[in-house]
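Just below is one structure, and these are the notes that go with it.
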Amino acid sequence: MKKSPEKRIATLYRVLRDHFGFQHWWPGETRFEIVVGALLTQNCAWSNVEKAIANLKAARSLSLGAMQRLPRGELEPLIRPTGYFRQKTERLSRLLSFLADDLHWDGVSSLRHDTVRFRRELLALSGIGPETADSILCYGFDRKVFVVDTYTKRMLSRLPIAVADDYESIRILFERTIQDEMDGTIDTFKDLHAQIVMLGKQYCRKSTPRCDDCPLFRERLCRRRRV
DNA sequence: GACCAGGCACATC
DNA sequence: GATGTGCATGGT
């Protein structure tokens, strides 16, 4: 009998977690840092986000109030290493206004806000797409939402797992899997995505030629040498 | 110098 | 609805 996509993903998680260990994600010391990092990492290497975060910390601007008080001309150079710095300054400004003015978030505590509605409101903001919204929800506010990213799509395209390649189909499949085939905890929502990023960075970049030592290949989850 | 990295919005067909 | 393009920096 053929294994269902859900069973395959559950197995995949066990293999990755055995290989990489639990990841304790998201990298970031505070909720606010996670929210900002989620936006800054849009189409750029995480090492560049780290530079920007360090700049913000040095400028004592890595808090909701401080960043909102910062003039655009002072914020732009701080986040410049992440690229698209003019767009990202605008996007950050809109996001922070929404969180502070509409939701009255203090930048530290969690929010009493229905997850479905919270997601819809984030997605309505210009510059917040599904991956950024879901990263904010899952890692910033501990909501049981699965984050789909480039690595997830690339990995799936190279595995025998039948699923449409649009964002929502993949998200729903992974969320159903975590609830039905795994323990369904927020830690698992966070760690499954983290494991896939670890796999992606090490074995699943565009330029990765082949990988006999890739854990998915070794465990025969993937028949190709290139995951 | 080309290519890539934990996206997104918008134009065009 | 699919496909192309602009946005911009830093590492390889």
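By convention here, the chains of the structure tokens are called A, B, ... in the order presented, each chain's residues are numbered starting at 1, and ligands are numbered starting at 1 in the order presented.
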For chain B, list the residues within 6 Å of chain A, counting only C-alpha atoms (C1' of nucleotides), and write the list as JSON, numbers by chain. {"B": [5, 7, 8]}
Could you list, as a PDB file with N, CA and C atoms, in the first residue's frame, the residues of chain A having an atom within 8 Å of chain C when counting only C-alpha atoms (C1' of nucleotides)?
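Result file selection08.pdb:
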ATOM      1  N   ASN A  48      22.392  38.488   6.486  1.00  0.00           N
ATOM      2  CA  ASN A  48      22.155  39.920   6.309  1.00  0.00           C
ATOM      3  C   ASN A  48      21.141  40.448   7.322  1.00  0.00           C
ATOM      4  N   ARG A  80      19.563  48.460   5.890  1.00  0.00           N
ATOM      5  CA  ARG A  80      20.105  48.414   4.531  1.00  0.00           C
ATOM      6  C   ARG A  80      20.733  47.059   4.159  1.00  0.00           C
ATOM      7  N   PRO A  81      21.452  46.399   5.069  1.00  0.00           N
ATOM      8  CA  PRO A  81      22.074  45.120   4.690  1.00  0.00           C
ATOM      9  C   PRO A  81      21.094  44.063   4.200  1.00  0.00           C
ATOM     10  N   THR A  82      19.812  44.177   4.508  1.00  0.00           N
ATOM     11  CA  THR A  82      18.865  43.143   4.082  1.00  0.00           C
ATOM     12  C   THR A  82      18.324  43.386   2.675  1.00  0.00           C
ATOM     13  N   GLY A  83      18.790  44.462   2.025  1.00  0.00           N
ATOM     14  CA  GLY A  83      18.303  44.735   0.684  1.00  0.00           C
ATOM     15  C   GLY A  83      16.891  45.304   0.686  1.00  0.00           C
ATOM     16  N   TYR A  84      16.445  45.817  -0.473  1.00  0.00           N
ATOM     17  CA  TYR A  84      15.088  46.400  -0.610  1.00  0.00           C
ATOM     18  C   TYR A  84      14.774  47.307   0.561  1.00  0.00           C
ATOM     19  N   PHE A  85      15.753  48.098   1.014  1.00  0.00           N
ATOM     20  CA  PHE A  85      15.584  48.769   2.317  1.00  0.00           C
ATOM     21  C   PHE A  85      14.509  49.846   2.293  1.00  0.00           C
ATOM     22  N   GLN A  87      11.612  49.715   0.469  1.00  0.00           N
ATOM     23  CA  GLN A  87      10.355  48.953   0.583  1.00  0.00           C
ATOM     24  C   GLN A  87      10.164  48.422   1.992  1.00  0.00           C
TER      25      GLN A  87
END
Could you jot down the CA of Val15 (chain A) to CA of Leu221 (chain A) separation for me, Å, one decimal place? 9.2 Å
Any idea what the distance is between CA of Arg117 (chain A) and CA of Arg154 (chain A)?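 About the pair CA of Arg117 (chain A) and CA of Arg154 (chain A): they are 29.2 Å apart.
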For each of A:Val49, A:Ala58, A:Leu92, A:Leu199, take the minimum atom-to-atom distance to Arg72 (chain A), counting only C-alpha atoms, then give the residue where this is smallest.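 Checking each candidate against Arg72 (chain A), we get A:Leu92 as the closest.
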Spatial neighbours of Trp26 (chain A), 8 Å, only C-alpha atoms (C1' of nucleotides), chain gap at least 3 places, as a PyMOL selection string: chain A and resi 34+139+190+194
In region 5-226 of chain A, what's helix (DSSP H, G or I) per DSSP? Answer as a PyMOL selection string? chain A and resi 5-20+31-40+46-58+64-69+72-82+85-102+115-123+130-141+150-157+167-181+186-203+215-218
What separation in Å, quoted to one decimal, exists between CA of Gln23 (chain A) and CA of Phe118 (chain A)?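 Calculated distance between CA of Gln23 (chain A) and CA of Phe118 (chain A) is 26.0 Å.
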Write out as a VMD selection string which residues come within 12 Å of Leu99 (chain A) when counting only C-alpha atoms (C1' of nucleotides), dropping same-chain ones fewer than 2 positions away. chain A and resid 32 35 to 36 64 to 65 68 92 to 97 101 to 111 113 118 121 to 122 125 136 141
Could you turn the residues from that selection into a file that holds C-alpha atoms, as a CSV table (one decimal), in the first residue's frame?
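Everything below was put into out.csv:
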chain,number,residue,atom,x,y,z
A,32,PHE,CA,9.5,42.0,18.7
A,35,VAL,CA,8.4,39.9,14.1
A,36,VAL,CA,11.0,42.3,12.7
A,64,LEU,CA,8.0,48.8,19.1
A,65,GLY,CA,8.0,52.3,20.6
A,68,GLN,CA,8.0,53.8,15.6
A,92,LEU,CA,7.8,47.7,8.7
A,93,SER,CA,6.1,51.1,9.4
A,94,ARG,CA,2.7,49.8,8.2
A,95,LEU,CA,3.1,46.5,10.2
A,96,LEU,CA,4.1,48.3,13.4
A,97,SER,CA,1.2,50.8,13.1
A,101,ASP,CA,-2.6,51.2,16.9
A,102,ASP,CA,-5.2,48.6,15.8
A,103,LEU,CA,-4.2,45.7,18.1
A,104,HIS,CA,-2.7,47.7,21.0
A,105,TRP,CA,0.2,45.3,21.2
A,106,ASP,CA,2.9,46.4,23.6
A,107,GLY,CA,5.7,44.6,21.7
A,108,VAL,CA,6.3,42.1,24.5
A,109,SER,CA,3.2,40.2,25.6
A,110,SER,CA,1.1,37.9,23.4
A,111,LEU,CA,-2.2,39.0,21.8
A,113,HIS,CA,-6.8,37.8,19.0
A,118,PHE,CA,-5.3,37.8,12.9
A,121,GLU,CA,-5.6,41.2,8.9
A,122,LEU,CA,-1.8,40.6,8.5
A,125,LEU,CA,-1.3,44.7,4.9
A,136,ILE,CA,4.9,36.2,12.6
A,141,PHE,CA,2.6,34.8,18.6
